[in-house]
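data.txt follows (compact mmCIF, C-alpha atoms and all ligand atoms):
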# COMPACT_ATOMS: atom_id res chain seq x y z
CA MET M 1 -40.60 139.08 -14.77
CA SER M 2 -40.70 138.08 -11.10
CA THR M 3 -43.79 136.56 -9.61
CA THR M 4 -43.80 139.20 -6.91
CA THR M 5 -46.19 141.99 -7.66
CA MET M 6 -45.25 145.08 -5.74
CA THR M 7 -47.99 146.09 -3.37
CA GLN M 8 -48.25 149.47 -1.70
CA SER M 9 -47.17 148.00 1.66
CA GLN M 10 -44.10 146.32 0.11
CA THR M 11 -43.10 149.53 -1.54
CA GLN M 12 -43.20 151.24 1.82
CA ALA M 13 -41.32 148.44 3.63
CA MET M 14 -37.61 148.87 4.29
CA PRO M 15 -35.75 148.30 1.03
CA VAL M 16 -33.19 145.52 0.83
CA ILE M 17 -30.71 147.89 -0.81
CA ARG M 18 -30.89 151.65 -0.59
CA LEU M 19 -28.57 154.24 -2.09
CA GLU M 20 -28.88 157.57 -0.31
CA ARG M 21 -27.52 160.54 -2.23
CA VAL M 22 -24.55 158.45 -3.34
CA THR M 23 -21.71 160.16 -5.18
CA ARG M 24 -18.66 158.31 -6.48
CA ALA M 25 -15.91 160.21 -8.24
CA TYR M 26 -12.53 159.07 -9.50
CA HIS M 27 -9.31 160.99 -9.97
CA THR M 28 -7.80 160.07 -13.27
CA GLY M 29 -4.29 160.76 -14.52
CA GLY M 30 -4.10 164.14 -16.23
CA GLY M 31 -3.23 164.54 -19.87
CA GLY M 32 -0.91 166.89 -21.67
CA PHE M 33 2.33 168.45 -20.52
CA ALA M 34 0.82 170.16 -17.52
CA GLY M 35 0.16 166.87 -15.71
CA GLY M 36 -2.47 167.26 -13.02
CA HIS M 37 -5.61 165.21 -12.98
CA THR M 38 -9.27 165.30 -13.86
CA ILE M 39 -12.20 164.10 -11.82
CA VAL M 40 -14.73 161.72 -13.35
CA THR M 41 -18.01 161.68 -11.46
CA SER M 42 -19.35 158.22 -12.07
CA LEU M 43 -22.42 158.54 -9.83
CA ASN M 44 -23.92 161.85 -8.84
CA GLU M 45 -26.19 162.06 -5.77
CA VAL M 46 -28.05 158.90 -6.67
CA ASP M 47 -31.08 157.81 -4.62
CA LEU M 48 -32.32 154.29 -5.26
CA ASP M 49 -34.37 151.66 -3.41
CA ILE M 50 -34.44 147.98 -4.34
CA HIS M 51 -37.22 146.05 -2.63
CA ALA M 52 -37.40 142.47 -1.42
CA GLY M 53 -38.15 139.97 -4.16
CA GLU M 54 -38.15 142.33 -7.11
CA ILE M 55 -36.00 142.24 -10.23
CA PHE M 56 -34.79 145.78 -10.60
CA GLY M 57 -33.27 146.89 -13.90
CA LEU M 58 -30.55 149.53 -14.13
CA VAL M 59 -30.34 150.65 -17.74
CA GLY M 60 -27.92 153.03 -19.40
CA GLU M 61 -25.30 153.39 -22.08
CA SER M 62 -21.62 152.53 -21.68
CA GLY M 63 -19.91 154.66 -19.04
CA SER M 64 -23.14 155.78 -17.37
CA GLY M 65 -22.14 154.41 -13.95
CA LYS M 66 -23.94 151.06 -13.79
CA THR M 67 -20.97 148.93 -12.74
CA THR M 68 -19.91 151.61 -10.28
CA ALA M 69 -23.35 151.39 -8.63
CA ALA M 70 -23.01 147.60 -8.44
CA ARG M 71 -19.49 147.76 -6.98
CA LEU M 72 -20.71 150.13 -4.29
CA MET M 73 -23.63 147.84 -3.45
CA VAL M 74 -21.38 144.82 -2.90
CA ARG M 75 -18.85 146.96 -0.99
CA LEU M 76 -16.00 146.59 -3.44
CA GLU M 77 -15.81 150.37 -3.18
CA HIS M 78 -17.19 153.08 -0.93
CA PRO M 79 -19.02 156.24 -1.94
CA ASN M 80 -17.30 159.62 -1.59
CA HIS M 81 -20.58 161.02 -0.29
CA GLY M 82 -23.84 159.43 0.71
CA ARG M 83 -24.59 155.96 2.06
CA VAL M 84 -25.30 152.47 0.80
CA LEU M 85 -27.72 150.62 3.11
CA TYR M 86 -28.40 146.88 3.26
CA HIS M 87 -31.58 146.12 5.20
CA GLY M 88 -31.21 149.58 6.72
CA GLU M 89 -27.56 149.19 7.82
CA ASN M 90 -24.74 151.30 6.46
CA VAL M 91 -22.64 148.88 4.42
CA ALA M 92 -19.46 150.90 5.03
CA LYS M 93 -19.81 150.36 8.79
CA LEU M 94 -20.34 146.58 8.71
CA ARG M 95 -17.71 144.69 10.69
CA GLY M 96 -17.04 141.16 11.98
CA LYS M 97 -19.95 138.72 11.76
CA LYS M 98 -22.25 141.20 10.08
CA LEU M 99 -19.73 141.89 7.35
CA LYS M 100 -19.20 138.16 6.81
CA ARG M 101 -22.94 137.63 6.55
CA PHE M 102 -23.21 140.52 4.10
CA ARG M 103 -20.41 139.02 1.97
CA ARG M 104 -22.34 135.76 1.84
CA ARG M 105 -25.79 137.19 1.27
CA VAL M 106 -25.00 139.75 -1.44
CA GLN M 107 -23.52 138.23 -4.57
CA MET M 108 -22.50 139.65 -7.93
CA ILE M 109 -22.16 138.14 -11.38
CA PHE M 110 -19.60 140.12 -13.32
CA GLN M 111 -19.84 141.50 -16.84
CA ASP M 112 -17.16 139.34 -18.36
CA PRO M 113 -17.21 135.58 -17.66
CA TYR M 114 -13.82 135.26 -19.37
CA GLN M 115 -12.17 137.36 -16.68
CA SER M 116 -14.26 136.51 -13.65
CA LEU M 117 -13.48 132.77 -13.64
CA ASN M 118 -10.05 131.51 -12.64
CA PRO M 119 -8.72 129.62 -15.70
CA TYR M 120 -6.70 127.26 -13.49
CA GLN M 121 -9.67 126.05 -11.46
CA SER M 122 -12.12 123.32 -12.44
CA VAL M 123 -15.85 124.02 -12.47
CA GLN M 124 -16.19 122.05 -9.24
CA HIS M 125 -13.47 124.12 -7.57
CA ILE M 126 -14.94 127.41 -8.83
CA VAL M 127 -18.45 126.69 -7.57
CA GLU M 128 -17.36 125.01 -4.33
CA GLU M 129 -14.83 127.62 -3.28
CA PRO M 130 -17.32 130.12 -1.80
CA LEU M 131 -18.73 127.33 0.42
CA ALA M 132 -15.20 126.51 1.62
CA ILE M 133 -14.36 130.17 2.24
CA HIS M 134 -17.49 130.59 4.33
CA LYS M 135 -16.95 127.18 6.00
CA LEU M 136 -20.38 125.91 4.99
CA GLY M 137 -21.05 122.16 5.05
CA LEU M 138 -18.78 119.12 4.96
CA PRO M 139 -16.90 118.24 1.73
CA ALA M 140 -19.49 115.62 0.67
CA GLN M 141 -22.35 118.04 1.34
CA ARG M 142 -20.53 120.73 -0.60
CA GLN M 143 -20.19 118.51 -3.63
CA ASN M 144 -23.92 117.75 -3.54
CA LYS M 145 -24.65 121.45 -3.29
CA VAL M 146 -22.39 122.12 -6.29
CA ILE M 147 -24.18 119.48 -8.36
CA GLU M 148 -27.60 120.78 -7.33
CA THR M 149 -26.62 124.36 -8.23
CA LEU M 150 -25.11 123.38 -11.60
CA THR M 151 -28.36 121.58 -12.41
CA GLN M 152 -30.32 124.67 -11.52
CA VAL M 153 -28.38 126.79 -14.00
CA GLY M 154 -28.92 124.20 -16.72
CA LEU M 155 -25.46 122.59 -16.77
CA THR M 156 -26.68 118.99 -16.98
CA PRO M 157 -25.70 116.28 -16.47
CA SER M 158 -23.69 118.15 -13.87
CA MET M 159 -21.15 115.36 -13.33
CA THR M 160 -19.86 115.91 -16.87
CA TYR M 161 -19.02 119.54 -16.06
CA LEU M 162 -17.33 119.16 -12.67
CA HIS M 163 -13.84 118.48 -13.98
CA ARG M 164 -13.83 120.86 -16.91
CA TYR M 165 -11.87 124.10 -16.98
CA PRO M 166 -13.21 127.45 -18.19
CA HIS M 167 -11.42 127.16 -21.56
CA GLN M 168 -13.38 123.94 -22.19
CA LEU M 169 -16.70 125.78 -21.93
CA SER M 170 -18.64 128.03 -24.29
CA GLY M 171 -19.31 131.65 -23.30
CA GLY M 172 -22.87 130.79 -22.26
CA GLN M 173 -21.70 127.85 -20.17
CA ARG M 174 -19.09 130.00 -18.48
CA GLN M 175 -21.69 132.54 -17.53
CA ARG M 176 -23.84 129.72 -16.11
CA VAL M 177 -20.85 128.66 -13.98
CA ALA M 178 -20.50 132.27 -12.80
CA ILE M 179 -24.20 132.31 -11.88
CA ALA M 180 -23.81 128.98 -10.05
CA ARG M 181 -20.84 130.34 -8.08
CA ALA M 182 -22.99 133.28 -6.97
CA LEU M 183 -26.03 131.13 -6.19
CA VAL M 184 -24.29 128.40 -4.23
CA LEU M 185 -24.24 130.65 -1.15
CA SER M 186 -28.04 131.14 -1.31
CA PRO M 187 -27.79 134.94 -1.49
CA ASP M 188 -30.74 137.18 -0.78
CA VAL M 189 -29.40 139.77 -3.24
CA LEU M 190 -28.03 138.86 -6.65
CA ILE M 191 -26.48 141.56 -8.81
CA ALA M 192 -26.08 140.61 -12.46
CA ASP M 193 -23.87 143.13 -14.28
CA GLU M 194 -24.60 142.88 -18.02
CA PRO M 195 -24.45 139.09 -17.73
CA THR M 196 -25.15 138.61 -21.43
CA SER M 197 -23.12 141.37 -23.06
CA MET M 198 -20.60 138.83 -24.40
CA LEU M 199 -23.22 136.34 -25.62
CA ASP M 200 -25.37 136.04 -28.71
CA ALA M 201 -29.10 136.71 -28.56
CA SER M 202 -30.37 133.15 -28.25
CA ILE M 203 -27.96 132.31 -25.42
CA ALA M 204 -28.81 135.63 -23.76
CA ILE M 205 -32.49 134.65 -23.70
CA GLN M 206 -31.55 131.37 -21.99
CA ILE M 207 -29.59 133.26 -19.34
CA TYR M 208 -32.58 135.59 -18.74
CA GLY M 209 -34.70 132.46 -18.34
CA ILE M 210 -32.33 131.11 -15.69
CA LEU M 211 -32.28 134.39 -13.77
CA SER M 212 -36.06 134.62 -13.91
CA GLU M 213 -36.43 131.05 -12.69
CA VAL M 214 -33.91 131.63 -9.89
CA GLN M 215 -35.87 134.65 -8.75
CA ARG M 216 -39.16 132.75 -8.84
CA ARG M 217 -37.85 129.73 -6.94
CA ARG M 218 -35.72 131.51 -4.36
CA GLN M 219 -37.44 134.88 -4.04
CA VAL M 220 -34.01 136.46 -4.31
CA THR M 221 -33.85 140.23 -4.76
CA MET M 222 -32.14 140.98 -8.04
CA LEU M 223 -30.42 143.92 -9.66
CA PHE M 224 -30.12 143.38 -13.38
CA ILE M 225 -27.73 145.75 -15.15
CA THR M 226 -28.00 146.21 -18.89
CA HIS M 227 -27.64 148.70 -21.72
CA SER M 228 -30.78 147.29 -23.29
CA LEU M 229 -34.25 148.55 -22.41
CA ALA M 230 -35.66 145.53 -24.25
CA ALA M 231 -33.81 143.12 -21.96
CA ALA M 232 -34.88 145.07 -18.87
CA HIS M 233 -38.48 145.09 -20.05
CA PHE M 234 -38.35 141.34 -20.57
CA LEU M 235 -36.99 140.56 -17.11
CA CYS M 236 -37.63 143.38 -14.67
CA ASP M 237 -40.41 144.60 -12.40
CA ARG M 238 -39.01 148.13 -12.15
CA ILE M 239 -36.47 150.02 -14.21
CA ALA M 240 -34.18 152.96 -13.50
CA VAL M 241 -32.58 154.72 -16.46
CA ILE M 242 -29.17 156.21 -15.71
CA TYR M 243 -27.37 158.85 -17.77
CA ARG M 244 -23.86 160.03 -16.89
CA GLY M 245 -24.26 159.08 -13.27
CA HIS M 246 -27.75 160.57 -12.85
CA ILE M 247 -30.97 158.61 -12.54
CA VAL M 248 -33.20 160.31 -15.11
CA GLU M 249 -36.25 158.05 -14.95
CA ILE M 250 -37.52 155.33 -12.65
CA GLY M 251 -40.75 153.38 -12.51
CA PRO M 252 -42.53 150.09 -13.17
CA ALA M 253 -41.02 148.43 -16.25
CA LYS M 254 -44.30 148.40 -18.14
CA SER M 255 -44.93 152.06 -17.49
CA VAL M 256 -41.39 153.16 -18.43
CA ILE M 257 -41.63 151.32 -21.75
CA ALA M 258 -45.20 152.24 -22.62
CA ASP M 259 -44.99 155.83 -21.38
CA PRO M 260 -41.33 156.96 -21.40
CA ARG M 261 -41.12 160.49 -20.01
CA HIS M 262 -37.48 161.52 -20.14
CA PRO M 263 -36.09 162.39 -23.60
CA TYR M 264 -33.17 160.01 -22.96
CA THR M 265 -35.45 157.07 -22.23
CA GLN M 266 -37.39 157.97 -25.36
CA ALA M 267 -34.13 158.00 -27.31
CA LEU M 268 -33.17 154.57 -25.94
CA LEU M 269 -36.53 153.23 -27.08
CA ASP M 270 -36.03 154.78 -30.50
CA ALA M 271 -32.68 153.05 -30.74
CA LEU M 272 -34.23 149.58 -30.43
CA PRO M 273 -34.41 147.86 -33.80
CA ARG M 274 -37.98 147.25 -34.88
CA PHE M 275 -38.34 144.89 -37.75
CA GLY M 276 -40.87 145.84 -40.36
CA HIS M 277 -40.85 149.52 -39.37
CA PRO M 278 -39.21 152.00 -41.71
CA TRP M 279 -36.67 154.38 -40.16
CA GLY M 280 -39.03 157.32 -40.56
CA GLU M 281 -41.49 156.06 -37.98
CA ARG M 282 -39.70 157.32 -34.91
CA ARG M 283 -41.87 158.63 -32.17
CA PHE M 284 -39.39 160.73 -30.27
CA ASP M 285 -36.27 161.37 -32.28
CA THR M 286 -34.46 162.88 -29.33
CA LEU M 287 -30.94 161.70 -29.90
CA ARG M 288 -29.45 163.53 -32.83
CA GLU M 289 -26.02 165.06 -32.92
CA ILE M 290 -26.61 168.54 -31.64
CA PRO M 291 -23.87 171.15 -31.97
CA ARG M 292 -24.50 172.42 -28.49
CA SER M 293 -22.07 173.05 -25.67
CA GLU M 294 -22.07 171.23 -22.37
CA PRO M 295 -24.48 172.62 -19.76
CA ALA M 296 -23.31 174.95 -17.02
CA THR M 297 -22.23 173.21 -13.79
CA GLY M 298 -25.52 172.29 -12.21
CA GLY M 299 -27.37 172.18 -15.55
CA CYS M 300 -29.28 169.17 -16.87
CA PRO M 301 -26.77 166.36 -17.61
CA PHE M 302 -28.65 165.50 -20.82
CA PHE M 303 -28.68 169.07 -22.13
CA SER M 304 -26.10 168.73 -24.91
CA ARG M 305 -27.91 165.78 -26.49
CA CYS M 306 -31.53 166.80 -25.95
CA VAL M 307 -33.43 168.10 -28.99
CA PRO M 308 -36.39 169.63 -27.12
CA ALA M 309 -34.25 171.23 -24.35
CA ASP M 310 -35.08 174.73 -23.12
CA LEU M 311 -31.87 176.59 -23.96
CA ASP M 312 -31.87 178.74 -20.82
CA LEU M 313 -33.56 176.69 -18.15
CA CYS M 314 -32.01 173.30 -18.96
CA ARG M 315 -28.52 174.74 -19.44
CA GLN M 316 -28.59 176.39 -16.02
CA ARG M 317 -30.60 174.12 -13.75
CA ARG M 318 -30.71 170.44 -13.01
CA PRO M 319 -34.19 168.92 -12.80
CA ALA M 320 -34.93 166.66 -9.81
CA LEU M 321 -36.78 163.35 -10.11
CA LYS M 322 -40.50 164.11 -9.87
CA SER M 323 -43.58 162.00 -10.16
CA ARG M 324 -47.20 162.67 -11.01
CA ASP M 325 -48.48 159.35 -9.74
CA GLY M 326 -46.01 158.49 -6.95
CA ILE M 327 -44.57 155.44 -8.73
CA HIS M 328 -43.11 156.62 -12.05
CA SER M 329 -40.66 159.55 -11.87
CA SER M 330 -38.51 161.45 -14.31
CA ALA M 331 -36.00 164.27 -14.04
CA CYS M 332 -36.97 166.66 -16.83
CA PHE M 333 -38.40 170.19 -16.80
CA LEU M 334 -40.21 169.49 -20.08
CA VAL M 335 -42.23 166.71 -18.44
CA GLU M 336 -43.18 169.00 -15.59
N1 LIG C 401 -11.49 152.97 -11.23
C1 LIG C 401 -11.83 153.98 -12.02
N2 LIG C 401 -11.01 155.02 -12.24
C2 LIG C 401 -11.36 156.06 -13.02
N3 LIG C 401 -12.55 156.16 -13.66
C3 LIG C 401 -13.42 155.14 -13.50
C4 LIG C 401 -13.11 154.00 -12.68
N4 LIG C 401 -14.19 153.17 -12.70
C5 LIG C 401 -15.09 153.76 -13.50
N5 LIG C 401 -14.63 154.94 -13.97
C6 LIG C 401 -15.36 155.86 -14.85
O1 LIG C 401 -16.68 156.02 -14.33
C7 LIG C 401 -17.61 156.07 -15.38
C8 LIG C 401 -18.65 155.00 -15.19
O2 LIG C 401 -18.05 153.74 -15.33
P1 LIG C 401 -18.86 152.38 -15.17
O3 LIG C 401 -17.90 151.27 -15.32
O4 LIG C 401 -19.65 152.44 -13.90
O5 LIG C 401 -19.85 152.45 -16.42
P2 LIG C 401 -20.89 151.37 -16.99
O6 LIG C 401 -22.22 152.03 -17.04
O7 LIG C 401 -20.78 150.12 -16.19
O8 LIG C 401 -20.37 151.15 -18.47
P3 LIG C 401 -20.35 149.80 -19.37
O9 LIG C 401 -21.75 149.64 -19.90
O10 LIG C 401 -19.37 150.09 -20.47
O11 LIG C 401 -19.92 148.67 -18.50
C9 LIG C 401 -16.83 155.94 -16.68
O12 LIG C 401 -16.60 157.23 -17.19
C10 LIG C 401 -15.55 155.29 -16.24
O13 LIG C 401 -14.49 155.66 -17.09
MG MG C 402 -20.23 148.19 -16.65
Could you express the structure from this file as structure tokens?
Ligand SMILES: Nc1ncnc2c1ncn2[C@@H]1O[C@H](COP(=O)(O)OP(=O)(O)OP(=O)(O)O)[C@@H](O)[C@H]1O
Ligand SMILES: [Mg+2]
Amino acid sequence: MSTTTMTQSQTQAMPVIRLERVTRAYHTGGGGFAGGHTIVTSLNEVDLDIHAGEIFGLVGESGSGKTTAARLMVRLEHPNHGRVLYHGENVAKLRGKKLKRFRRRVQMIFQDPYQSLNPYQSVQHIVEEPLAIHKLGLPAQRQNKVIETLTQVGLTPSMTYLHRYPHQLSGGQRQRVAIARALVLSPDVLIADEPTSMLDASIAIQIYGILSEVQRRRQVTMLFITHSLAAAHFLCDRIAVIYRGHIVEIGPAKSVIADPRHPYTQALLDALPRFGHPWGERRFDTLREIPRSEPATGGCPFFSRCVPADLDLCRQRRPALKSRDGIHSSACFLVE
């Protein structure tokens, strides 16, 4: 959890990252003899603000659009509709010096440390390269910066890691190198895309500890992407729950966990293993296999999996995000 407590004035300040009605769709190769193609809508009119100094959690199951959101935020892709803003500026329109600065200040740690690190580069090369690309510091200064950053991510004594290659590291160590590579540029936004999905639980906790410490020391704004509400609760100030490209709930982490409002968030909470509790003690039980057809175009995206759904209303109409208290919102007619 970051040390920054969101005050009313911070919440109203310009967000560091803003998604404004962002839609991203992909054409995929068609199947069958007829050829053609289908369109996968990965993000659907998503609005999202990430504020300075917070750790923001984006939580959802596989394929819900989390990585797509991250790729749009770091400008690896552009939205089909809507805008991504960085400190109020449209990321798609950044050019020249501003674009360079953006590339330096917004960093991403990718899901898979096995693929994101070049196997032919030493740890020193991997972590130093961004400094060289951005022409920051002299070689001796760069090496000091590399050592300092490796120490910060817990790879100590750092000298013993400099000349190793990725295959000589454990999964957890690789992910630490990936974090160091992102941190060496002193970003003001750090996006961590499921940084622990390939790691076991005890190593994952260590990585959360590093991210939390980095946030506390550097006041970096962080987007933490995960499929686990438990991990988001542990680390984040606010959480957004995403389902098939739609934000279905958003609010302070504590409130989302203690008072989940959307049936999907309730289902995610139900899915967390709780030791010592028999299976029967489920509070919500919202995620059963339901033999129900997909909703009409424009219906609630969660309709076909939602036990308490209203068979007419929810099939036909899509609920907007609404809030009773101004800080915790959900997109569900049943909550209204
Ligand atoms: N380049 C692409 N071409 C076609 N479809 C894509 C592409 N990238 C993503 N998609 C589709 O968009 C949807 C969202 O994908 P995304 O990678 O954002 O999900 P995710 O939430 O990150 O999932 P995971 O937890 O498995 O990483 C998926 O249905 C995926 O198949
Ligand atoms: Mg992903």
Problem set entry | From M:Arg181, M:His262, M:Lys135, M:Arg103, residue lying nearest Ala309 of chain M [only C-alpha atoms] |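 So, comparing all the options, the nearest one is M:His262.
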With the cut-off set at 12 Å and counting only C-alpha atoms and all ligand atoms, tabulate each residue of chain M with an atom at most that distance from an atom of ligand MG 402 (chain C), showing the nearest atom pair and its distance in Å to one decimal, ordered by chain and increasing number, as a tab-separated table.
residue	atom	partner	partner_atom	distance
M:Ser42	CA	C:MG402	MG	11.1
M:Leu58	CA	C:MG402	MG	10.7
M:Val59	CA	C:MG402	MG	10.5
M:Gly60	CA	C:MG402	MG	9.5
M:Glu61	CA	C:MG402	MG	9.1
M:Ser62	CA	C:MG402	MG	6.8
M:Gly63	CA	C:MG402	MG	6.9
M:Ser64	CA	C:MG402	MG	8.2
M:Gly65	CA	C:MG402	MG	7.0
M:Lys66	CA	C:MG402	MG	5.5
M:Thr67	CA	C:MG402	MG	4.0
M:Thr68	CA	C:MG402	MG	7.2
M:Ala69	CA	C:MG402	MG	9.2
M:Ala70	CA	C:MG402	MG	8.7
M:Arg71	CA	C:MG402	MG	9.7
M:Ile109	CA	C:MG402	MG	11.5
M:Phe110	CA	C:MG402	MG	8.8
M:Gln111	CA	C:MG402	MG	6.7
M:Asp112	CA	C:MG402	MG	9.5
M:Ala192	CA	C:MG402	MG	10.5
M:Asp193	CA	C:MG402	MG	6.7
M:Glu194	CA	C:MG402	MG	7.0
M:Pro195	CA	C:MG402	MG	10.1
M:Thr196	CA	C:MG402	MG	11.8
M:Ser197	CA	C:MG402	MG	9.8
M:Phe224	CA	C:MG402	MG	11.5
M:Ile225	CA	C:MG402	MG	8.0
M:Thr226	CA	C:MG402	MG	8.3
M:His227	CA	C:MG402	MG	9.0
Exercise. Within 7 Å of (-12.9, 129.8, -16.3), in the coordinates the file gives, what residues turn up when you count only C-alpha atoms, written out as number ranges by chain?
Worked result: M: 114, 117-119, 121, 165-167, 174
Exercise. Pick the closest to Leu150 of chain M from M:Cys236, M:Leu138, M:Ile210, M:Ala13: which is it, counting only C-alpha atoms?
Worked result: M:Ile210
For this session: May I ask for the distance between atom CA of Ile239 of chain M and atom O5 of ligand LIG 401 (chain C), given in Å to one decimal place?
Result: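 Taking atom CA of Ile239 of chain M and atom O5 of ligand LIG 401 (chain C), their separation equals 16.9 Å.
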Exercise. Which residue, M:Tyr161, M:Pro252, M:Tyr243, M:Lys322, has the smallest gap to Phe303 of chain M when you use all atoms listed in the file?
Worked result: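 Ranking M:Tyr161, M:Pro252, M:Tyr243, M:Lys322 by distance to Phe303 of chain M, first place goes to M:Tyr243.
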Problem set entry | Near-Thr160 of chain M list (12 Å; all atoms listed in the file; drop same-chain fewer than 5 positions) as a VMD selection string | chain M and resid 122 to 124 147 150 to 151 155 165 168 to 169
Exercise. Of the candidates M:Ser228, M:Ser158, M:Thr23, M:Thr41, which one gets nearest to ligand LIG 401 (chain C) if we count only C-alpha atoms and all ligand atoms?
Worked result: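 Of all the options, M:Thr41 lies closest to ligand LIG 401 (chain C).
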Problem set entry | Among listed residues M:Asp188, M:Glu77, M:Asp310, M:Asp237, nearest ligand LIG 401 (chain C) (using all atoms listed in the file) | M:Glu77
For this session: Record the distance separating atom CA of His125 of chain M and atom CA of Lys100 of chain M, expressed in Å with one decimal.
Result: 20.9 Å
Problem set entry | Selection: 12 Å around Val46 of chain M, only C-alpha atoms, excl. self and same-chain fewer than 5 positions, as a ChimeraX atom specification | /M:18-24,41,65-66,68-69,72,79-84,240-250,320-321
Problem set entry | Selected residue, from M:Thr149, M:Ser304, M:Thr221, M:Asn44, that lies nearest to Glu128 of chain M when counting only C-alpha atoms | M:Thr149
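Those residues that approach Asp312 of chain M to within 10 Å, counting only C-alpha atoms, are Pro295, Gly299, Ala309, Arg315, Gln316 and Arg317 of chain M; same-chain residues fewer than 3 positions away are not listed.
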For this session: Within 8 Å of Val127 of chain M, counting all atoms listed in the file, which residues show up once you throw out same-chain ones fewer than 5 positions away? Write them as a ChimeraX atom specification, please.
Result: /M:146,177-178,180-181,184
Exercise. To one decimal place, how far is atom CA of Ile133 of chain M from atom CA of Met159 of chain M in Å?
Worked result: 22.5 Å
Can you put N, CA and C atoms back into segment 85-100 of chain M and show it as an mmCIF file, in the coordinates of the input?
data_model
loop_
_atom_site.group_PDB
_atom_site.id
_atom_site.type_symbol
_atom_site.label_atom_id
_atom_site.label_comp_id
_atom_site.auth_asym_id
_atom_site.auth_seq_id
_atom_site.Cartn_x
_atom_site.Cartn_y
_atom_site.Cartn_z
ATOM 1 N N LEU M 85 -27.124 151.357 1.995
ATOM 2 C CA LEU M 85 -27.720 150.620 3.110
ATOM 3 C C LEU M 85 -28.163 149.238 2.643
ATOM 4 N N TYR M 86 -27.918 148.246 3.503
ATOM 5 C CA TYR M 86 -28.400 146.880 3.260
ATOM 6 C C TYR M 86 -29.314 146.536 4.422
ATOM 7 N N HIS M 87 -30.570 146.289 4.146
ATOM 8 C CA HIS M 87 -31.580 146.120 5.200
ATOM 9 C C HIS M 87 -31.441 147.222 6.257
ATOM 10 N N GLY M 88 -31.226 148.434 5.808
ATOM 11 C CA GLY M 88 -31.210 149.580 6.720
ATOM 12 C C GLY M 88 -29.860 149.842 7.377
ATOM 13 N N GLU M 89 -28.864 148.981 7.167
ATOM 14 C CA GLU M 89 -27.560 149.190 7.820
ATOM 15 C C GLU M 89 -26.534 149.730 6.832
ATOM 16 N N ASN M 90 -25.778 150.694 7.294
ATOM 17 C CA ASN M 90 -24.740 151.300 6.460
ATOM 18 C C ASN M 90 -23.663 150.250 6.131
ATOM 19 N N VAL M 91 -23.554 149.937 4.862
ATOM 20 C CA VAL M 91 -22.640 148.880 4.420
ATOM 21 C C VAL M 91 -21.181 149.225 4.780
ATOM 22 N N ALA M 92 -20.838 150.490 4.739
ATOM 23 C CA ALA M 92 -19.460 150.900 5.030
ATOM 24 C C ALA M 92 -19.091 150.636 6.488
ATOM 25 N N LYS M 93 -20.100 150.531 7.354
ATOM 26 C CA LYS M 93 -19.810 150.360 8.790
ATOM 27 C C LYS M 93 -19.887 148.902 9.236
ATOM 28 N N LEU M 94 -20.215 147.989 8.319
ATOM 29 C CA LEU M 94 -20.340 146.580 8.710
ATOM 30 C C LEU M 94 -18.975 146.031 9.106
ATOM 31 N N ARG M 95 -18.953 145.303 10.208
ATOM 32 C CA ARG M 95 -17.710 144.690 10.690
ATOM 33 C C ARG M 95 -18.000 143.271 11.167
ATOM 34 N N GLY M 96 -16.940 142.468 11.329
ATOM 35 C CA GLY M 96 -17.040 141.160 11.980
ATOM 36 C C GLY M 96 -18.098 140.265 11.353
ATOM 37 N N LYS M 97 -18.957 139.691 12.215
ATOM 38 C CA LYS M 97 -19.950 138.720 11.760
ATOM 39 C C LYS M 97 -20.913 139.327 10.746
ATOM 40 N N LYS M 98 -21.283 140.559 10.991
ATOM 41 C CA LYS M 98 -22.250 141.200 10.080
ATOM 42 C C LYS M 98 -21.653 141.374 8.686
ATOM 43 N N LEU M 99 -20.385 141.706 8.648
ATOM 44 C CA LEU M 99 -19.730 141.890 7.350
ATOM 45 C C LEU M 99 -19.627 140.539 6.631
ATOM 46 N N LYS M 100 -19.297 139.506 7.393
ATOM 47 C CA LYS M 100 -19.200 138.160 6.810
ATOM 48 C C LYS M 100 -20.541 137.739 6.219
#
